[in-house]
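A.B. asks: Just one file: work-v7.txt, with compact mmCIF, C-alpha atoms.
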# COMPACT_ATOMS: atom_id res chain seq x y z
CA MET A 11 0.00 0.00 0.00
CA LEU A 12 1.37 3.40 -1.00
CA GLN A 13 1.00 6.42 1.24
CA GLU A 14 -0.91 8.87 -0.94
CA TYR A 15 -1.56 12.61 -0.95
CA LEU A 16 -3.41 14.48 -3.67
CA LEU A 17 -3.59 18.26 -4.01
CA PHE A 18 -7.16 19.47 -4.57
CA ASN A 19 -7.75 23.19 -5.10
CA ASP A 20 -4.52 24.10 -3.29
CA GLU A 21 -5.36 22.14 -0.14
CA PHE A 22 -3.88 18.77 0.76
CA GLN A 23 -6.43 15.97 0.92
CA ALA A 24 -4.87 12.77 2.25
CA VAL A 25 -6.11 9.26 1.63
CA ASP A 26 -4.48 7.76 4.74
CA ASP A 27 -3.04 10.64 6.79
CA PRO A 28 -4.18 14.25 7.16
CA ILE A 29 -0.85 16.07 6.71
CA LEU A 30 2.78 15.84 5.76
CA THR A 31 4.87 16.01 8.92
CA ALA A 32 8.28 17.51 9.65
CA SER A 33 9.64 13.97 9.82
CA ASN A 34 9.06 13.46 6.09
CA ARG A 35 12.31 12.05 4.70
CA SER A 36 12.13 14.06 1.48
CA PHE A 37 11.94 17.26 3.54
CA LYS A 38 14.68 16.23 6.00
CA PHE A 39 17.13 14.41 3.73
CA GLY A 40 16.06 14.94 0.13
CA ASP A 41 15.19 11.23 0.17
CA GLY A 42 13.01 10.99 -2.90
CA LEU A 43 12.52 11.88 -6.53
CA PHE A 44 9.91 13.47 -8.77
CA GLU A 45 8.37 13.54 -12.23
CA SER A 46 7.12 16.66 -14.03
CA MET A 47 4.40 15.71 -16.49
CA ARG A 48 1.96 17.38 -18.83
CA MET A 49 -1.61 16.59 -19.80
CA ILE A 50 -2.88 17.90 -23.13
CA ASN A 51 -6.57 17.60 -24.02
CA ASN A 52 -7.10 15.14 -21.16
CA LYS A 53 -4.26 12.87 -22.30
CA LEU A 54 -1.14 12.48 -20.17
CA GLN A 55 1.79 12.88 -22.56
CA PHE A 56 4.49 10.18 -22.71
CA ALA A 57 3.10 8.34 -19.68
CA ASP A 58 5.08 5.21 -20.54
CA LEU A 59 8.39 7.10 -20.60
CA HIS A 60 7.61 8.80 -17.29
CA ALA A 61 6.71 5.47 -15.71
CA ASP A 62 9.92 3.85 -16.98
CA ARG A 63 12.08 6.62 -15.53
CA LEU A 64 10.16 6.68 -12.25
CA THR A 65 10.53 2.92 -11.86
CA ALA A 66 14.26 3.05 -12.64
CA GLY A 67 14.76 5.93 -10.19
CA MET A 68 12.91 4.19 -7.37
CA LYS A 69 14.98 1.06 -7.95
CA ALA A 70 18.18 3.11 -7.86
CA LEU A 71 17.10 4.67 -4.55
CA LYS A 72 15.93 1.27 -3.27
CA ILE A 73 12.41 2.56 -2.58
CA ASP A 74 9.73 -0.12 -2.59
CA GLY A 75 6.49 0.14 -4.56
CA HIS A 76 7.89 0.87 -8.01
CA ALA A 77 5.95 -2.01 -9.54
CA LEU A 78 2.70 -0.18 -8.78
CA MET A 79 3.72 3.06 -10.46
CA ASP A 80 3.25 2.06 -14.08
CA ASP A 81 1.83 4.14 -16.92
CA TYR A 82 -1.73 3.07 -16.02
CA PHE A 83 -1.21 4.37 -12.47
CA LEU A 84 0.07 7.72 -13.77
CA ARG A 85 -2.82 8.12 -16.22
CA GLN A 86 -5.42 7.14 -13.62
CA LYS A 87 -4.17 9.40 -10.83
CA THR A 88 -3.62 12.46 -13.02
CA ALA A 89 -7.03 12.06 -14.67
CA ASP A 90 -8.68 11.75 -11.24
CA LEU A 91 -6.98 14.89 -9.92
CA ALA A 92 -7.92 16.86 -13.04
CA LYS A 93 -11.53 15.71 -12.78
CA ARG A 94 -11.83 16.53 -9.06
CA ASN A 95 -10.50 20.04 -9.67
CA LYS A 96 -12.65 20.51 -12.80
CA TRP A 97 -9.61 21.46 -14.83
CA ASN A 98 -9.93 21.83 -18.61
CA GLY A 99 -7.73 18.87 -19.54
CA ASN A 100 -4.52 20.89 -19.96
CA VAL A 101 -2.47 20.53 -16.80
CA ARG A 102 1.09 20.50 -15.53
CA PHE A 103 1.63 17.82 -12.88
CA ARG A 104 4.36 17.09 -10.38
CA LEU A 105 4.50 13.66 -8.79
CA SER A 106 6.85 13.61 -5.79
CA VAL A 107 7.81 10.19 -4.45
CA TYR A 108 9.54 9.85 -1.09
CA ARG A 109 10.73 7.11 1.25
CA GLY A 110 8.31 6.87 4.16
CA GLY A 111 9.06 5.96 7.76
CA ALA A 112 11.52 7.14 10.35
CA GLY A 113 15.26 6.84 10.79
CA VAL A 114 18.06 9.33 10.39
CA TYR A 115 20.41 8.85 7.44
CA THR A 116 19.75 5.11 7.58
CA PRO A 117 16.06 4.44 6.77
CA GLU A 118 14.07 2.10 8.98
CA ILE A 119 11.78 1.07 6.11
CA ASN A 120 11.68 1.60 2.34
CA LYS A 121 7.94 2.07 1.86
CA ALA A 122 7.04 4.68 -0.77
CA GLY A 123 4.73 7.63 -0.32
CA TYR A 124 3.80 10.22 -2.91
CA ILE A 125 2.22 13.61 -3.47
CA LEU A 126 0.56 14.58 -6.76
CA GLU A 127 0.12 18.27 -7.54
CA GLY A 128 -1.32 20.00 -10.58
CA ILE A 129 -1.47 23.47 -12.15
CA PRO A 130 -4.01 24.09 -14.95
CA LEU A 131 -2.67 25.48 -18.23
CA LYS A 132 -4.35 27.44 -21.01
CA ALA A 133 -2.36 26.05 -23.95
CA SER A 134 -3.47 22.81 -25.59
CA THR A 135 -0.25 22.38 -27.61
CA TYR A 136 3.48 22.68 -27.06
CA GLU A 137 4.32 26.27 -27.95
CA LEU A 138 7.73 27.49 -29.09
CA ASN A 139 8.81 30.62 -27.25
CA SER A 140 8.36 33.69 -29.45
CA LYS A 141 11.39 35.42 -27.94
CA GLY A 142 14.58 33.39 -27.79
CA LEU A 143 16.28 32.74 -24.46
CA ILE A 144 19.44 34.51 -23.30
CA ILE A 145 21.82 32.09 -21.56
CA ASP A 146 25.19 31.85 -19.86
CA VAL A 147 27.23 29.03 -18.35
CA PHE A 148 26.97 28.49 -14.59
CA ASP A 149 30.41 27.30 -13.44
CA GLU A 150 30.41 28.08 -9.71
CA MET A 151 29.31 24.49 -9.02
CA THR A 152 29.31 21.39 -11.21
CA LYS A 153 27.12 18.31 -11.34
CA PRO A 154 28.61 15.02 -10.12
CA VAL A 155 28.40 12.03 -12.42
CA ASN A 156 27.09 8.94 -10.62
CA LYS A 157 24.29 6.34 -10.71
CA LEU A 158 21.71 8.92 -9.57
CA SER A 159 22.64 11.69 -12.03
CA ASN A 160 20.08 10.67 -14.65
CA PHE A 161 17.10 10.92 -12.27
CA LYS A 162 15.17 13.91 -10.91
CA THR A 163 15.97 13.48 -7.24
CA ALA A 164 14.68 15.63 -4.37
CA ASN A 165 18.16 17.08 -3.90
CA ALA A 166 18.03 20.16 -6.13
CA LEU A 167 20.46 22.58 -4.49
CA LEU A 168 22.68 22.69 -7.58
CA TYR A 169 19.71 23.88 -9.64
CA VAL A 170 18.69 26.37 -6.95
CA MET A 171 22.16 27.92 -7.01
CA ALA A 172 22.11 28.01 -10.80
CA GLY A 173 18.69 29.66 -10.60
CA LEU A 174 20.09 32.37 -8.34
CA PHE A 175 22.94 32.89 -10.82
CA LYS A 176 20.35 33.21 -13.59
CA SER A 177 18.33 35.82 -11.68
CA GLN A 178 21.35 37.83 -10.57
CA ASN A 179 22.63 38.04 -14.14
CA ARG A 180 19.21 38.70 -15.67
CA LEU A 181 19.32 35.59 -17.81
CA ASP A 182 16.50 33.38 -19.09
CA GLU A 183 18.39 30.13 -18.48
CA ALA A 184 21.78 28.86 -17.35
CA MET A 185 23.83 25.94 -18.59
CA ILE A 186 25.22 23.48 -16.04
CA LEU A 187 28.55 21.65 -16.44
CA ASN A 188 29.40 18.21 -15.10
CA GLN A 189 32.31 17.51 -12.77
CA HIS A 190 34.65 17.15 -15.75
CA GLY A 191 33.77 20.57 -17.16
CA PHE A 192 31.65 19.35 -20.06
CA LEU A 193 28.15 20.53 -21.00
CA CYS A 194 25.53 18.63 -19.00
CA GLU A 195 22.09 20.29 -19.03
CA SER A 196 20.33 23.52 -18.12
CA ILE A 197 18.52 24.36 -14.88
CA SER A 198 15.29 22.68 -15.92
CA ALA A 199 15.92 21.03 -19.27
CA ASN A 200 18.12 18.95 -21.52
CA VAL A 201 20.36 20.71 -24.05
CA PHE A 202 20.67 20.27 -27.82
CA VAL A 203 23.27 21.98 -29.99
CA VAL A 204 23.24 22.27 -33.78
CA TYR A 205 26.78 22.52 -35.15
CA ASN A 206 27.76 22.07 -38.79
CA LYS A 207 24.17 20.92 -39.50
CA GLN A 208 24.59 18.08 -37.01
CA ILE A 209 22.50 17.86 -33.81
CA TYR A 210 24.37 17.02 -30.60
CA THR A 211 23.16 16.38 -27.06
CA PRO A 212 25.13 15.36 -23.96
CA SER A 213 25.09 11.60 -23.47
CA LEU A 214 23.64 10.09 -20.29
CA ALA A 215 27.21 9.17 -19.32
CA GLU A 216 27.82 12.91 -18.91
CA GLY A 217 25.43 12.98 -15.95
CA CYS A 218 22.44 14.74 -17.50
CA ILE A 219 18.84 13.98 -16.57
CA SER A 220 17.40 11.20 -18.70
CA GLY A 221 14.69 13.54 -19.91
CA VAL A 222 11.37 12.27 -21.24
CA MET A 223 11.26 15.04 -23.83
CA ARG A 224 14.91 14.36 -24.64
CA THR A 225 13.93 10.80 -25.53
CA ALA A 226 10.95 12.01 -27.57
CA ILE A 227 13.09 14.47 -29.54
CA MET A 228 15.64 11.77 -30.26
CA GLN A 229 12.84 9.57 -31.58
CA LEU A 230 11.51 12.40 -33.75
CA CYS A 231 14.96 13.04 -35.20
CA LYS A 232 15.30 9.37 -36.09
CA MET A 233 11.85 9.30 -37.69
CA ASN A 234 12.71 12.34 -39.82
CA ASP A 235 16.22 11.22 -40.80
CA MET A 236 17.87 14.02 -38.83
CA PRO A 237 21.33 12.95 -37.65
CA LEU A 238 21.71 13.25 -33.88
CA ILE A 239 24.75 12.30 -31.81
CA GLU A 240 24.94 11.76 -28.04
CA ALA A 241 28.36 13.02 -27.08
CA GLN A 242 30.74 14.63 -24.64
CA ILE A 243 30.36 18.33 -25.46
CA ASN A 244 32.85 21.07 -24.68
CA PRO A 245 30.96 24.23 -23.64
CA GLU A 246 33.15 26.18 -26.10
CA ILE A 247 30.85 24.85 -28.84
CA LEU A 248 28.26 27.38 -27.68
CA LYS A 249 30.44 30.09 -29.26
CA GLU A 250 30.34 28.40 -32.67
CA ALA A 251 26.95 26.62 -32.88
CA GLU A 252 24.26 27.58 -35.36
CA GLU A 253 21.43 26.74 -33.00
CA VAL A 254 20.85 25.81 -29.35
CA PHE A 255 17.58 24.64 -27.83
CA ILE A 256 16.46 23.04 -24.58
CA THR A 257 13.70 20.52 -23.88
CA ASN A 258 11.59 19.31 -20.99
CA ALA A 259 8.33 17.42 -20.55
CA THR A 260 6.16 20.39 -19.61
CA GLN A 261 7.33 23.09 -22.03
CA GLY A 262 8.42 20.95 -24.95
CA ILE A 263 11.10 22.89 -26.85
CA GLN A 264 12.53 26.35 -26.15
CA TRP A 265 15.01 27.97 -28.49
CA VAL A 266 18.00 29.99 -27.36
CA MET A 267 18.66 33.35 -29.01
CA GLY A 268 21.90 34.44 -27.44
CA TYR A 269 24.99 33.51 -25.45
CA GLY A 270 27.19 36.54 -24.80
CA ARG A 271 27.57 38.19 -28.21
CA LYS A 272 26.67 35.01 -30.06
CA ARG A 273 23.24 34.84 -31.75
CA TYR A 274 21.47 31.67 -32.90
CA PHE A 275 18.86 30.60 -35.46
CA ASN A 276 15.77 28.50 -34.66
CA GLU A 277 14.94 26.55 -37.84
CA VAL A 278 15.47 23.12 -36.28
CA SER A 279 13.47 24.12 -33.19
CA LYS A 280 10.52 25.23 -35.31
CA PHE A 281 10.59 22.05 -37.36
CA LEU A 282 10.79 19.77 -34.32
CA ILE A 283 8.02 21.42 -32.31
CA GLU A 284 5.68 21.08 -35.28
CA LYS A 285 6.53 17.38 -35.47
CA LEU A 286 6.15 17.09 -31.69
CA ASN A 287 2.61 18.46 -31.75
CA ASN A 288 1.75 16.01 -34.51
CA PHE A 289 3.48 13.18 -32.62
As structure tokens, how would this structure be written, given the file I've shared?
C.D. replies:
Amino acid sequence: MLQEYLLFNDEFQAVDDPILTASNRSFKFGDGLFESMRMINNKLQFADLHADRLTAGMKALKIDGHALMDDYFLRQKTADLAKRNKWNGNVRFRLSVYRGGAGVYTPEINKAGYILEGIPLKASTYELNSKGLIIDVFDEMTKPVNKLSNFKTANALLYVMAGLFKSQNRLDEAMILNQHGFLCESISANVFVVYNKQIYTPSLAEGCISGVMRTAIMQLCKMNDMPLIEAQINPEILKEAEEVFITNATQGIQWVMGYGRKRYFNEVSKFLIEKLNNF
């Protein structure tokens, strides 16, 4: 049995317990992970890919209950929450999964609990940003490469610090490097670079999140005979690339306009978001 919380109209309604307590392990130790998902016209997008990553992440963290969190579970719970809130079928969801029980650093049990939250959206398609993003490279901290790097864990301090860097420098997004100094991802998305008419993205071995939209874009490129290479990418390529865009499950594709004095095109981004909406 999973410990379950659903967020209805901005108030927690618990199936088993009335509240989240201060002893929650995700709050105290970052002992958990999450999925950001999007529903379009009452259909949860890429539910199978989200379920696969969630299952793999729970296994990596040794949290029990992953067998229950399949794509059917995700579709059912998100549809129920949307219906209860009378949302219009276009919603952004966050499913946070945590290890329940007590203990300090060493857990006493590995039972899973979860919270599902939703925010209604107006758009019923993935929309490319009309104004390109301005970016810079965040190099005050780097992302470690290990067995948890590909999952969206509850430990997000690196991204918080990068977010502060973004705000302080009046940027739209910041690029994050891995511990070896190579391009990894952005604050909230995977990164794609078009260089010499070839599309590159950091490989999972570089420590980036195994993004659901990243996987979808790679599938779209293959379907449309667009060469794409997973690679180790030196951040210096940002000074020479023709195009840079970022992807995540809730926003789809966002194109980057500038990095320092460098300016980029967005032809590939426009093509791919059209294919994505038809996908």
A.B. asks: Taking into account only C-alpha atoms, which residue in the set A:Glu252, A:Val204, A:Met151, A:Tyr136 is nearest to Phe289 of chain A?
C.D. replies: A:Tyr136
A.B. asks: I'd like the neighbourhood of Leu282 of chain A as a list in words, where a residue qualifies if any of its atoms comes within 8 Å (using all atoms listed in the file), though same-chain residues fewer than 2 positions away should be ignored.
C.D. replies: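 Counting all atoms listed in the file, the residues come to Ile227, Leu230, Cys231, Val278, Ser279, Lys280, Glu284, Lys285 and Leu286 of chain A.
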A.B. asks: Using atom CA of Gly42 of chain A and atom CA of Val155 of chain A as the two end points, give the distance in Å to one decimal.
C.D. replies: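 Those two atoms sit 18.1 Å apart.
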A.B. asks: So, with only C-alpha atoms as the atoms that count, which of A:Arg63, A:Lys153, A:Lys141, A:Arg104 lies closest to Gly268 of chain A?
C.D. replies: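 Of all the options, A:Lys141 lies closest to Gly268 of chain A.
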A.B. asks: Report as a tab-separated table the residues of segment 60-138 of chain A within 7 Å of segment 33-38 of chain A, each with its shortest atom pair and distance in Å (one decimal), using all atoms listed in the file, ordered by chain and increasing residue number.
C.D. replies:
residue	atom	partner	partner_atom	distance
A:Tyr108	CA	A:Ser36	CA	5.6
A:Arg109	CA	A:Arg35	CA	6.2
A:Gly110	CA	A:Arg35	CA	6.6
A.B. asks: Between A:Gln242, A:Asn200, A:Asn188, A:Ser46, which residue has the minimum interatomic distance to Ala61 of chain A, considering all atoms listed in the file?
C.D. replies: A:Ser46
A.B. asks: Report as a list of chain:residue names all protein, DNA and RNA residues lying within 12 Å of Asn139 of chain A, evaluated on only C-alpha atoms, omitting residues in the same chain fewer than 6 positions from it.
C.D. replies: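 Non-adjacent residues within range: A:Asp182, A:Phe255, A:Ile256, A:Thr257, A:Gln261, A:Gly262, A:Ile263, A:Gln264, A:Trp265, A:Val266, A:Met267, A:Asn276, A:Ser279, A:Lys280, A:Ile283.
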A.B. asks: Could you please determine the separation between atom CA of Ser198 of chain A and atom CA of Val147 of chain A in Å, to one decimal place?
C.D. replies: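 Calculated distance between atom CA of Ser198 of chain A and atom CA of Val147 of chain A is 13.7 Å.
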